Amino acid sequence: MSVAGSGHAPGIARRRVQPATWAWLAVFAALVFLVAAPVARLLVSSIQDTETGAFTWHNYAIAYGPARNYAALGTSLLYAAEVTVVSAIFAVPIAWGVARTDMPAKSLIRALILGAFITPPYLGAIGWILLAGPNAGWLNQAWMALTGAPHGLVDIYSFGGLVLVTALYAFPYIFVFTADALERVSSEMEEAARILGSGTLRTILRVTLPLVTPAILGGAIVVFLDTVALFGTPAIIALPARIKVMTLVLWEFFEFPVRAEAAAAYAVPLILITVALFAAQRAILGRRGYVALTGKGGSRAELRLGAWRWAMFGYGLLVVGLAVILPFAALAQAAFSHAWGRGFSWDNLTLGNFRYLLFTDPAARLTIIHSFVYSAATAFIAVALALAIAYIVSRRLTRRTGILTALCMAPLVIPGIVLAIGFYAAWAPPPLALYGTAALLVLGYTARFLPIAYTSCMASLRSLNPEMEEAVRILGGSQLRAIGSVVVPLLKTSLVGTWLLVFIPATRELSTAIFLVGAKTRVISVMMLDLSENGSFETLAALGFFLLGVTVVIVLAGYKLLGRDFMLRRS
Amino acid sequence: MSKLQPDAGRSRLALNGISCVYGAFTAVDGLNLEIVPGEFVSLLGPSGCGKTTTLRMIAGFIRPTAGTITMDGEVISAPGAALPPERRQMSMIFQSYAIWPNMTVAENVAFGLKLRHLGREAIRAKVTEMLETVKLGALADRYPAELSGGQQQRVALARAMVIQPRVLLLDEPLSNLDANLREEMRFEIRRLHDAFHFTTVYVTHDQGEAMVTSDRIAVMNAGRIEQVDPPYLLYTRPRTRFVAGFIGRTNFMNGACGAQHVTFDRFALPRAMFADGGAGLHGDVTFSVRPQSIALHRAPAAAMRFGCLVAGRLLERAFLGETWDYVVAPEDSLLRLKVAALPFQVFEVGETVWLEFDPEQMAPIARDVSV
Ligand SMILES: Nc1ncnc2c1ncn2[C@@H]1O[C@H](COP(=O)(O)OP(=O)(O)OP(=O)(O)O)[C@@H](O)[C@H]1O
Ligand SMILES: [Mg+2]
């Protein structure tokens with residue numbers, strides 16, 4: 001009974017190319033454009049002669065020839081290592097206090113740590129310039145006023161200052177990982193040790209801490225990787241302090257004359273470091289930490305600290321004070337001042353900085369609009385693409401879905417600044433000649449945030465029973481119909497959530513923007529960097545507050561929207 | 001009910017030697033099954049025997065790796081190509097119900113009709129009528145999250161039946177319900193089938209469910225069909241050891257067929273008294289003997305067929321409420337027979353009893369299938 005020749009079944013003649021295959025090809029092409037081509041271009045141009053296109057190691061010689069470029073590699077690693085250690089010192093005790101003790105005001109501390117989390121690091125760095133700039137900074141002013149000393153106490157433009165300021169906005173990663181793990185450790189584990197005669201401190205050090213070590217290490221590696229690839233804080237603090245880190249050297253290659261191929265060569269080790277550490281993180285967290293085994297089932301009793309609970313609280317307050325309260329107080333003062341150095345007085349108070357940004361200066365207003373429009377466009381494209389890919393992968397519509405996942409997640413292991421350079425090298429010059437267009441920026445952002453969108457879409461699709469879609473098909477609807485009538489409506493909530501997850505970091509993204517902006521496509525983050533170079537801290541602070549304010553409003557609106565929908569779908 | 005009465009909707013379905021192989025593992029192995037228009041057939045078997053896989057091949061979600069599926073003579077599935085599910089005009093009820101939570105009950109039921117481009121009025125009329133039929137008329141505007149499990153089940157039934165499918169497929173539709181509701185819904189499903197007569201394939205691993213609902217049951221084991229028969233025959237005339245053991249409780253007795261007698265361990269029964277006068281019994285045969293088909297007596301009485309009486313000793317007993325469960329060993333025999341007796345037939349452990357066999361009810365089974 002052969003199908004082809006039977007003539008009985010007109011509907012089942014074999015189609016040459018299935019629609020699913022077309023979909024695969026489309027998303028694959030998009031991923032090649034967004035991820036594979038830029039990385040390939042970067043690698044190729046690092047070993048190519050610019051004139052002849054012949055193979056050469058010359059670019060590496062240029063990149064790593066000068067001793068100071070070579071030294072910057074070491075400085076970057078030292079910088080990242082110190083930031084990691086300081087972050088852990090900030091994060092681990094607070095995580096323990098919040099998760100396992102009767103420390104007071106836990107939710108306040110948590111909220112303020114979340115505040116540190118959503119603060120763009122470069123904005124925090126500006127706040128610290130206002131606080132601890134040599135002599136003029138508020139802390140130094142106070143010190144000199146109190147002691148009559150001729151010089152300030154602290155200088156933010158130093159290696160130590162750089163490390164501190166970076167760690168203050170990086171430690172939330174370790175905090176989140178550690179607190180989550182500590183919440184899973186059942187206190188029965190600790191009680192078991194106590195019953196065997198172990199003292200409280202001994203129990204903490206010998207039982208609790210080892211149990212969450214994988215989580216701490218996992219968070220630490222994220223901090224390390226983030227710091228190595230960080231551009232904003234070094235640009236604001238290390239540059240004036242004449243400290244050279246890798247990201248600043250990369251940036252120098254883009255000053256006139258632009259030597260993108262040398263930048264490419266310089267960036268390659270950065271990719272290798274990232275890939276290696278990422279693999280290490282996978283190995284550490286993937287070993288199904290002892291913690292995961294205990295699950296959330298066990299009971300958790302809070303450890304009573306007695307008077308020590310106030311010491312614990314004091315430490316938490318100190319850290320969030322340094323990260324959020326002090327810098328934001330300084331920024332607020334600047335944002336509402338004619339000149340921040342003149343201090344607190346009625347005649348110094350003004351709304352002029354906001355007026356200038358929003359109404360007086362058309363260029364500033366345009367920049368603000370750009371930021372939000374580009375970020376929204378990025379979020380739409382990233383969510384649509386990620387949803388398509390996640391759908392193909394999770395529903396196994398085609399073979400060879402592994403390559404889609406790999407390409408989609410690759411930007412996670414490529415430092416943002418490197419991806420941006422690759423993007424620049426691939427698409428700024430002809431044939432596409434996207435240099436200076438909004439498209440270059442939006443697509444660069446899209447590539448950068450694709451892993452976030454993909455992970456989130458994948459999680460929501462996993463939670464959706466495929467039988468929902470099969471029910472559409474058996475009743476006579478096509479696969480597309482199933483997506484339109486069932487998948488998208490049911491995932492609406494999580495798609496809005498995913499959109500926000502991309503939109504919010506996109507509004508403040510700096511390291512991608514710095515390489516891809518053109519004269520007519522300036523965005524807020526780049527404008528802030530320029531303002532800081534000019535020393536216009538008042539305008540800058542106002543801009544920062546405006547950005548944060550809009551972010552908070554959008555997040556709240558999103559929650560509200562999601563909340564209503566949650567009500568509808570109680571189950 | 002008139003509008004929903006199917007006219008040409010009942011289809012003949014045939015599975016011709018279909019297989020489904022995953023890598024080195026054969027989930028379904030050369031299955032043959034023919035279902036006549038309007039028939040209700042269950043696929044019954046233990047977990048992992050390939051029931052869902054078979055059903056999903058019929059629905060078109062999986063392609064067979066060998067064999068074909070035809071509907072009214074047209075090939076709809078073959079290894080090279082398959083009609084996509086949306087063009088088969090079938091319906092399926094999923095184990096999870098797969099009710100769309102973003103649509104109201106009425107919208108769920110109307111969905112298939114909308115895809116068929118019916119007029120608004122026609123859709124409304126059909127949906128209302130169908131919801132009345134499954135007793136959900138009052139809940140038309142509720143969202144699925146606001147329904148009980150049984151009500152969701154009815155929505156799934158209504159949604160699947162309202163389009164008057166050529167074939168209706170159900171995959172363990174009752175397994176998520178509690179015991180009482182499950183009992184009730186069995187009869188509901190049979191009632192709806194009696195009303196509409198869709199050609200139906202019903203997957204379950206619960207024999208009670210299959211017995212109540214089905215015209216015929218196909219018992220599956222390890223990717224194969226062992227026997228297809230009406231429930232009554234399946235119980236009284238199992239043809240394989242697996243079927244005899246899977247449907248109800250049974251005793252297996254090995255016998256040797258002679259000219260006059262069938263000889264068991266230390267006793268023999270007259271051959272002529274077996275079904276069909278013992279025709280077709282040759283050599284060594286295993287019989288499946290239901291515990292209910294053996295009677296117990298204190299002493300032989302005149303009315304009994306003497307050829308079928310065997311003395312034995314009662315070894316164990318358990319009272320289950322509706323029956324006594326006895327274990328009896330025929331005299332000098334190594335056989336251990338389960339015997340069911342009514343509550344008032346009380347015997348003591350160690351007592352000597354008389355077993356009365358009814359050879360008519362002893363079903364010979366194929367020896368070659370699973371030992
Ligand atoms: N995609 C797959 N890949 C590999 N093996 C599979 C796949 N799907 C099913 N199987 C195997 O095929 C066999 C039959 O699966 P199927 O789902 O048809 O069982 P079932 O009879 O419906 O069982 P249950 O009563 O538990 O639902 C199982 O052993 C299962 O492990
Ligand atoms: Mg199944």
# chains A, B, ... in the order shown; residues from 1 in each chain; ligands from 1
call {"tool": "interface_residues", "arguments": {"of": "chain B", "to": "chain A", "cutoff": "7 Å", "atoms": "only C-alpha atoms", "output": "list in words"}}
result
Glu74, Val75, Ile76, Ala78, Ala81, Ala82, Leu83, Pro85, Glu86, Arg87, Gln89, Met90, Ser91, Met92, Phe94, Ala98, Ile99, Trp100, Asn102, Gly112, Leu115 and Ala145 of chain B
call {"tool": "residues_around", "arguments": {"residues": "Asp215 (chain B)", "least_positions_apart": "6", "cutoff": "6 Å", "atoms": "only C-alpha atoms", "output": "PyMOL selection string"}}
result
chain B and resi 40-41+230
call {"tool": "write_last_selection", "arguments": {"atoms": "N, CA and C atoms", "output": "short mmCIF file (atom, residue, chain, number, x, y, z; two decimals), in the first residue's frame"}}
result
data_model
loop_
_atom_site.label_atom_id
_atom_site.label_comp_id
_atom_site.auth_asym_id
_atom_site.auth_seq_id
_atom_site.Cartn_x
_atom_site.Cartn_y
_atom_site.Cartn_z
N PHE B 40 -16.90 1.46 19.64
CA PHE B 40 -16.11 1.97 20.76
C PHE B 40 -15.10 0.91 21.14
N VAL B 41 -13.82 1.18 20.84
CA VAL B 41 -12.76 0.21 21.12
C VAL B 41 -11.81 0.79 22.14
N PRO B 230 -14.99 -8.52 22.73
CA PRO B 230 -15.91 -7.83 23.64
C PRO B 230 -15.52 -8.17 25.08
#
call {"tool": "closest_atom_pairs", "arguments": {"of": "chain B", "to": "ligand 1", "cutoff": "6 Å", "atoms": "only C-alpha atoms and all ligand atoms", "output": "JSON lines"}}
result
{"residue": "B:Tyr22", "atom": "CA", "partner": "ligand 1", "partner_atom_place_in_ligand_line": "4 (C)", "distance": 4.9}
{"residue": "B:Ala27", "atom": "CA", "partner": "ligand 1", "partner_atom_place_in_ligand_line": "12 (O)", "distance": 4.2}
{"residue": "B:Pro46", "atom": "CA", "partner": "ligand 1", "partner_atom_place_in_ligand_line": "25 (O)", "distance": 5.9}
{"residue": "B:Ser47", "atom": "CA", "partner": "ligand 1", "partner_atom_place_in_ligand_line": "25 (O)", "distance": 3.5}
{"residue": "B:Gly48", "atom": "CA", "partner": "ligand 1", "partner_atom_place_in_ligand_line": "19 (O)", "distance": 3.5}
{"residue": "B:Cys49", "atom": "CA", "partner": "ligand 1", "partner_atom_place_in_ligand_line": "21 (O)", "distance": 4.0}
{"residue": "B:Gly50", "atom": "CA", "partner": "ligand 1", "partner_atom_place_in_ligand_line": "18 (O)", "distance": 3.1}
{"residue": "B:Lys51", "atom": "CA", "partner": "ligand 1", "partner_atom_place_in_ligand_line": "21 (O)", "distance": 3.7}
{"residue": "B:Thr52", "atom": "CA", "partner": "ligand 1", "partner_atom_place_in_ligand_line": "22 (O)", "distance": 3.6}
{"residue": "B:Thr53", "atom": "CA", "partner": "ligand 1", "partner_atom_place_in_ligand_line": "18 (O)", "distance": 3.7}
{"residue": "B:His205", "atom": "CA", "partner": "ligand 1", "partner_atom_place_in_ligand_line": "25 (O)", "distance": 5.9}
call {"tool": "atom_distance", "arguments": {"atom1": "CA of Ala363 (chain A)", "atom2": "CA of Leu443 (chain A)"}}
result
22.9 Å
call {"tool": "residues_around", "arguments": {"residues": "region 358-363 of chain B", "least_positions_apart": "5", "cutoff": "6 Å", "atoms": "only C-alpha atoms", "output": "list in words"}}
result
Arg237, Met273, Phe274, Ala275, Phe287, Ser288 and Val289 of chain B
call {"tool": "residues_around", "arguments": {"residues": "region 127-134 of chain A", "least_positions_apart": "3", "cutoff": "10 Å", "atoms": "only C-alpha atoms", "output": "number ranges by chain"}}
result
A: 121-124, 137-142, 151-157, 161-162, 164-165, 236-237, 322-324, 326-334, 340-341, 532, 537, 541
call {"tool": "residues_around", "arguments": {"residues": "region 170-180 of chain B", "least_positions_apart": "2", "cutoff": "9 Å", "atoms": "only C-alpha atoms", "output": "NGL selection string"}}
result
:B and (51-52 or 55 or 91-97 or 149-150 or 153 or 168 or 182-186 or 200-206 or 209)
call {"tool": "write_last_selection", "arguments": {"atoms": "N, CA, C and O atoms", "output": "compact mmCIF listing (two decimals), in the first residue's frame"}}
result
# COMPACT_ATOMS: atom_id res chain seq x y z
N LYS B 51 0.24 2.38 24.46
CA LYS B 51 -1.13 2.82 24.16
C LYS B 51 -1.15 4.25 23.66
O LYS B 51 -1.74 4.55 22.61
N THR B 52 -0.50 5.14 24.42
CA THR B 52 -0.49 6.55 24.02
C THR B 52 0.17 6.72 22.66
O THR B 52 -0.31 7.46 21.81
N LEU B 55 -2.25 5.80 20.02
CA LEU B 55 -3.30 6.81 19.87
C LEU B 55 -2.77 8.04 19.15
O LEU B 55 -3.44 8.62 18.29
N SER B 91 -11.14 14.15 16.84
CA SER B 91 -11.05 14.91 18.08
C SER B 91 -10.28 14.07 19.07
O SER B 91 -10.28 12.84 18.95
N MET B 92 -9.67 14.76 20.03
CA MET B 92 -8.93 13.99 21.02
C MET B 92 -9.17 14.60 22.39
O MET B 92 -9.26 15.81 22.54
N ILE B 93 -9.29 13.75 23.37
CA ILE B 93 -9.39 14.21 24.75
C ILE B 93 -8.11 13.79 25.45
O ILE B 93 -7.77 12.61 25.45
N PHE B 94 -7.41 14.78 25.98
CA PHE B 94 -6.08 14.53 26.51
C PHE B 94 -6.15 14.20 27.99
O PHE B 94 -7.10 14.56 28.68
N GLN B 95 -5.09 13.54 28.43
CA GLN B 95 -5.02 13.17 29.83
C GLN B 95 -5.10 14.40 30.73
O GLN B 95 -5.71 14.38 31.78
N SER B 96 -4.46 15.51 30.26
CA SER B 96 -4.50 16.75 31.06
C SER B 96 -5.74 17.58 30.75
O SER B 96 -5.85 18.69 31.21
N TYR B 97 -6.64 17.06 29.94
CA TYR B 97 -7.83 17.76 29.41
C TYR B 97 -7.44 18.81 28.39
O TYR B 97 -8.13 19.01 27.41
N GLY B 149 -12.72 19.35 38.72
CA GLY B 149 -12.09 18.41 37.81
C GLY B 149 -13.09 17.72 36.90
O GLY B 149 -12.89 17.59 35.70
N GLY B 150 -14.22 17.28 37.48
CA GLY B 150 -15.22 16.58 36.68
C GLY B 150 -15.85 17.49 35.64
O GLY B 150 -16.12 17.08 34.50
N GLN B 153 -13.53 17.95 32.81
CA GLN B 153 -13.61 16.74 32.00
C GLN B 153 -14.78 16.82 31.02
O GLN B 153 -14.66 16.47 29.85
N LEU B 168 -13.18 9.73 17.42
CA LEU B 168 -12.96 10.38 18.72
C LEU B 168 -11.90 9.59 19.48
O LEU B 168 -12.00 8.38 19.61
N ARG B 182 -14.71 9.05 38.88
CA ARG B 182 -14.26 8.19 37.80
C ARG B 182 -15.36 7.18 37.45
O ARG B 182 -15.69 6.96 36.30
N GLU B 183 -15.91 6.61 38.50
CA GLU B 183 -16.99 5.63 38.33
C GLU B 183 -18.15 6.26 37.56
O GLU B 183 -18.68 5.69 36.60
N GLU B 184 -18.49 7.48 37.99
CA GLU B 184 -19.64 8.16 37.40
C GLU B 184 -19.37 8.49 35.93
O GLU B 184 -20.21 8.31 35.06
N MET B 185 -18.14 8.98 35.65
CA MET B 185 -17.83 9.44 34.30
C MET B 185 -17.75 8.29 33.30
O MET B 185 -18.00 8.47 32.12
N ARG B 186 -17.40 7.08 33.78
CA ARG B 186 -17.40 5.93 32.88
C ARG B 186 -18.75 5.79 32.21
O ARG B 186 -18.85 5.63 31.00
N THR B 200 -14.83 5.42 18.18
CA THR B 200 -14.07 5.90 19.34
C THR B 200 -12.93 4.96 19.68
O THR B 200 -13.09 3.74 19.67
N VAL B 201 -11.75 5.55 19.95
CA VAL B 201 -10.64 4.78 20.49
C VAL B 201 -10.32 5.35 21.86
O VAL B 201 -10.09 6.54 22.00
N TYR B 202 -10.33 4.47 22.86
CA TYR B 202 -10.24 4.90 24.25
C TYR B 202 -9.05 4.21 24.89
O TYR B 202 -8.97 2.99 24.91
N VAL B 203 -8.10 5.00 25.39
CA VAL B 203 -6.92 4.42 26.01
C VAL B 203 -7.06 4.42 27.51
O VAL B 203 -7.45 5.42 28.10
N THR B 204 -6.77 3.30 28.14
CA THR B 204 -6.84 3.24 29.59
C THR B 204 -6.00 2.09 30.11
O THR B 204 -5.67 1.17 29.36
N HIS B 205 -5.60 2.16 31.38
CA HIS B 205 -4.99 0.97 31.96
C HIS B 205 -5.89 0.39 33.05
O HIS B 205 -5.51 -0.48 33.80
N ASP B 206 -7.12 0.93 33.10
CA ASP B 206 -8.08 0.49 34.12
C ASP B 206 -9.08 -0.45 33.47
O ASP B 206 -9.88 -0.03 32.63
N GLU B 209 -12.85 0.44 33.69
CA GLU B 209 -13.23 1.50 32.77
C GLU B 209 -13.47 0.94 31.37
O GLU B 209 -14.48 1.23 30.73
call {"tool": "select_by_dssp", "arguments": {"residues": "region 6-203 of chain A", "states": "helix (DSSP H, G or I)", "output": "number ranges by chain"}}
result
A: 6, 10-12, 19-46, 58-64, 67-100, 106-118, 121-132, 138-147, 159-184, 187-195, 200-203
call {"tool": "residues_around", "arguments": {"residues": "Phe171 (chain A)", "least_positions_apart": "5", "cutoff": "7 Å", "atoms": "only C-alpha atoms", "output": "JSON, numbers by chain"}}
result
{"A": [87, 88, 90, 91]}
call {"tool": "write_last_selection", "arguments": {"atoms": "N, CA, C and O atoms", "output": "compact mmCIF listing (two decimals), in the first residue's frame"}}
result
# COMPACT_ATOMS: atom_id res chain seq x y z
N SER A 87 33.29 41.92 47.39
CA SER A 87 31.86 41.63 47.24
C SER A 87 31.43 40.50 48.16
O SER A 87 30.36 40.56 48.78
N ALA A 88 32.27 39.48 48.22
CA ALA A 88 31.92 38.34 49.08
C ALA A 88 31.90 38.77 50.54
O ALA A 88 31.02 38.36 51.31
N PHE A 90 31.15 41.70 51.64
CA PHE A 90 29.89 42.43 51.81
C PHE A 90 28.71 41.47 51.88
O PHE A 90 27.85 41.58 52.74
N ALA A 91 28.68 40.53 50.92
CA ALA A 91 27.44 39.79 50.67
C ALA A 91 27.19 38.65 51.64
O ALA A 91 26.07 38.50 52.14
call {"tool": "residues_around", "arguments": {"residues": "Pro144 (chain B)", "least_positions_apart": "4", "cutoff": "7 Å", "atoms": "only C-alpha atoms", "output": "list in words"}}
result
Ile99, Pro101, Thr104, Val105 and Gln152 of chain B
call {"tool": "atom_distance", "arguments": {"atom1": "CA of Phe253 (chain A)", "atom2": "CA of Pro38 (chain A)"}}
result
17.6 Å
call {"tool": "atom_distance", "arguments": {"atom1": "CA of Val39 (chain A)", "atom2": "CA of Phe423 (chain A)"}}
result
7.7 Å
call {"tool": "closest_residue", "arguments": {"among": "A:Ile403, A:Leu108, A:Ala36, A:Leu78", "to": "Ala426 (chain A)", "atoms": "only C-alpha atoms"}}
result
A:Ala36
call {"tool": "closest_residue", "arguments": {"among": "B:Gly277, B:Pro231, B:Gly45, B:Gly30", "to": "ligand 2", "atoms": "only C-alpha atoms and all ligand atoms"}}
result
B:Gly45
call {"tool": "select_by_dssp", "arguments": {"residues": "region 115-215 of chain B", "states": "strand (DSSP E)", "output": "MDAnalysis selection string"}}
result
chainID B and resid 167:171 199:204
call {"tool": "closest_residue", "arguments": {"among": "B:Leu43, B:Val36, B:Gly17, B:Ala122", "to": "ligand 2", "atoms": "only C-alpha atoms and all ligand atoms"}}
result
B:Leu43
call {"tool": "decode", "arguments": {"residues": "region 117-126 of chain B", "atoms": "all heavy atoms", "output": "PDB file, in the first residue's frame"}}
result
ATOM      1  N   HIS B 117     -15.622  27.561  10.184  1.00  0.00           N
ATOM      2  CA  HIS B 117     -16.299  28.701   9.555  1.00  0.00           C
ATOM      3  C   HIS B 117     -17.810  28.575   9.570  1.00  0.00           C
ATOM      4  O   HIS B 117     -18.479  28.881   8.585  1.00  0.00           O
ATOM      5  CB  HIS B 117     -15.799  28.910   8.126  1.00  0.00           C
ATOM      6  CG  HIS B 117     -14.314  29.070   8.057  1.00  0.00           C
ATOM      7  ND1 HIS B 117     -13.659  30.155   8.599  1.00  0.00           N
ATOM      8  CD2 HIS B 117     -13.357  28.270   7.531  1.00  0.00           C
ATOM      9  CE1 HIS B 117     -12.362  30.019   8.412  1.00  0.00           C
ATOM     10  NE2 HIS B 117     -12.145  28.879   7.766  1.00  0.00           N
ATOM     11  N   LEU B 118     -18.345  28.100  10.691  1.00  0.00           N
ATOM     12  CA  LEU B 118     -19.802  28.082  10.799  1.00  0.00           C
ATOM     13  C   LEU B 118     -20.301  29.476  11.146  1.00  0.00           C
ATOM     14  O   LEU B 118     -19.552  30.293  11.692  1.00  0.00           O
ATOM     15  CB  LEU B 118     -20.228  27.107  11.902  1.00  0.00           C
ATOM     16  CG  LEU B 118     -20.590  25.702  11.419  1.00  0.00           C
ATOM     17  CD1 LEU B 118     -19.359  25.003  10.897  1.00  0.00           C
ATOM     18  CD2 LEU B 118     -21.216  24.907  12.554  1.00  0.00           C
ATOM     19  N   GLY B 119     -21.568  29.742  10.853  1.00  0.00           N
ATOM     20  CA  GLY B 119     -22.160  31.037  11.188  1.00  0.00           C
ATOM     21  C   GLY B 119     -22.281  31.187  12.699  1.00  0.00           C
ATOM     22  O   GLY B 119     -22.282  30.207  13.438  1.00  0.00           O
ATOM     23  N   ARG B 120     -22.362  32.453  13.148  1.00  0.00           N
ATOM     24  CA  ARG B 120     -22.413  32.721  14.584  1.00  0.00           C
ATOM     25  C   ARG B 120     -23.604  32.032  15.246  1.00  0.00           C
ATOM     26  O   ARG B 120     -23.477  31.447  16.311  1.00  0.00           O
ATOM     27  CB  ARG B 120     -22.529  34.226  14.820  1.00  0.00           C
ATOM     28  CG  ARG B 120     -21.173  34.856  14.987  1.00  0.00           C
ATOM     29  CD  ARG B 120     -21.104  35.656  16.275  1.00  0.00           C
ATOM     30  NE  ARG B 120     -20.838  37.038  15.943  1.00  0.00           N
ATOM     31  CZ  ARG B 120     -21.568  38.057  16.353  1.00  0.00           C
ATOM     32  NH1 ARG B 120     -22.625  37.844  17.099  1.00  0.00           N
ATOM     33  NH2 ARG B 120     -21.261  39.280  16.029  1.00  0.00           N
ATOM     34  N   GLU B 121     -24.770  32.153  14.590  1.00  0.00           N
ATOM     35  CA  GLU B 121     -25.985  31.582  15.167  1.00  0.00           C
ATOM     36  C   GLU B 121     -25.859  30.066  15.282  1.00  0.00           C
ATOM     37  O   GLU B 121     -26.185  29.469  16.305  1.00  0.00           O
ATOM     38  CB  GLU B 121     -27.213  31.953  14.318  1.00  0.00           C
ATOM     39  CG  GLU B 121     -27.777  33.302  14.672  1.00  0.00           C
ATOM     40  CD  GLU B 121     -27.926  33.479  16.183  1.00  0.00           C
ATOM     41  OE1 GLU B 121     -28.574  32.632  16.830  1.00  0.00           O
ATOM     42  OE2 GLU B 121     -27.362  34.445  16.735  1.00  0.00           O
ATOM     43  N   ALA B 122     -25.359  29.464  14.216  1.00  0.00           N
ATOM     44  CA  ALA B 122     -25.225  28.010  14.202  1.00  0.00           C
ATOM     45  C   ALA B 122     -24.291  27.561  15.310  1.00  0.00           C
ATOM     46  O   ALA B 122     -24.558  26.583  16.026  1.00  0.00           O
ATOM     47  CB  ALA B 122     -24.695  27.546  12.843  1.00  0.00           C
ATOM     48  N   ILE B 123     -23.184  28.298  15.472  1.00  0.00           N
ATOM     49  CA  ILE B 123     -22.226  27.948  16.515  1.00  0.00           C
ATOM     50  C   ILE B 123     -22.896  28.033  17.881  1.00  0.00           C
ATOM     51  O   ILE B 123     -22.804  27.113  18.699  1.00  0.00           O
ATOM     52  CB  ILE B 123     -20.994  28.882  16.470  1.00  0.00           C
ATOM     53  CG1 ILE B 123     -20.171  28.605  15.220  1.00  0.00           C
ATOM     54  CG2 ILE B 123     -20.144  28.693  17.717  1.00  0.00           C
ATOM     55  CD1 ILE B 123     -18.948  29.458  15.076  1.00  0.00           C
ATOM     56  N   ARG B 124     -23.639  29.148  18.091  1.00  0.00           N
ATOM     57  CA  ARG B 124     -24.265  29.326  19.406  1.00  0.00           C
ATOM     58  C   ARG B 124     -25.228  28.191  19.716  1.00  0.00           C
ATOM     59  O   ARG B 124     -25.233  27.637  20.818  1.00  0.00           O
ATOM     60  CB  ARG B 124     -24.982  30.676  19.465  1.00  0.00           C
ATOM     61  CG  ARG B 124     -24.417  31.569  20.539  1.00  0.00           C
ATOM     62  CD  ARG B 124     -25.437  32.192  21.463  1.00  0.00           C
ATOM     63  NE  ARG B 124     -26.642  32.623  20.823  1.00  0.00           N
ATOM     64  CZ  ARG B 124     -26.884  33.876  20.452  1.00  0.00           C
ATOM     65  NH1 ARG B 124     -25.980  34.810  20.636  1.00  0.00           N
ATOM     66  NH2 ARG B 124     -28.031  34.196  19.902  1.00  0.00           N
ATOM     67  N   ALA B 125     -26.011  27.856  18.702  1.00  0.00           N
ATOM     68  CA  ALA B 125     -27.009  26.807  18.913  1.00  0.00           C
ATOM     69  C   ALA B 125     -26.337  25.484  19.244  1.00  0.00           C
ATOM     70  O   ALA B 125     -26.719  24.779  20.190  1.00  0.00           O
ATOM     71  CB  ALA B 125     -27.876  26.673  17.663  1.00  0.00           C
ATOM     72  N   LYS B 126     -25.305  25.152  18.489  1.00  0.00           N
ATOM     73  CA  LYS B 126     -24.637  23.859  18.719  1.00  0.00           C
ATOM     74  C   LYS B 126     -23.958  23.817  20.071  1.00  0.00           C
ATOM     75  O   LYS B 126     -24.006  22.806  20.771  1.00  0.00           O
ATOM     76  CB  LYS B 126     -23.591  23.611  17.624  1.00  0.00           C
ATOM     77  CG  LYS B 126     -24.203  23.193  16.308  1.00  0.00           C
ATOM     78  CD  LYS B 126     -23.144  22.628  15.402  1.00  0.00           C
ATOM     79  CE  LYS B 126     -23.769  22.200  14.084  1.00  0.00           C
ATOM     80  NZ  LYS B 126     -23.129  21.032  13.518  1.00  0.00           N
TER      81      LYS B 126
END
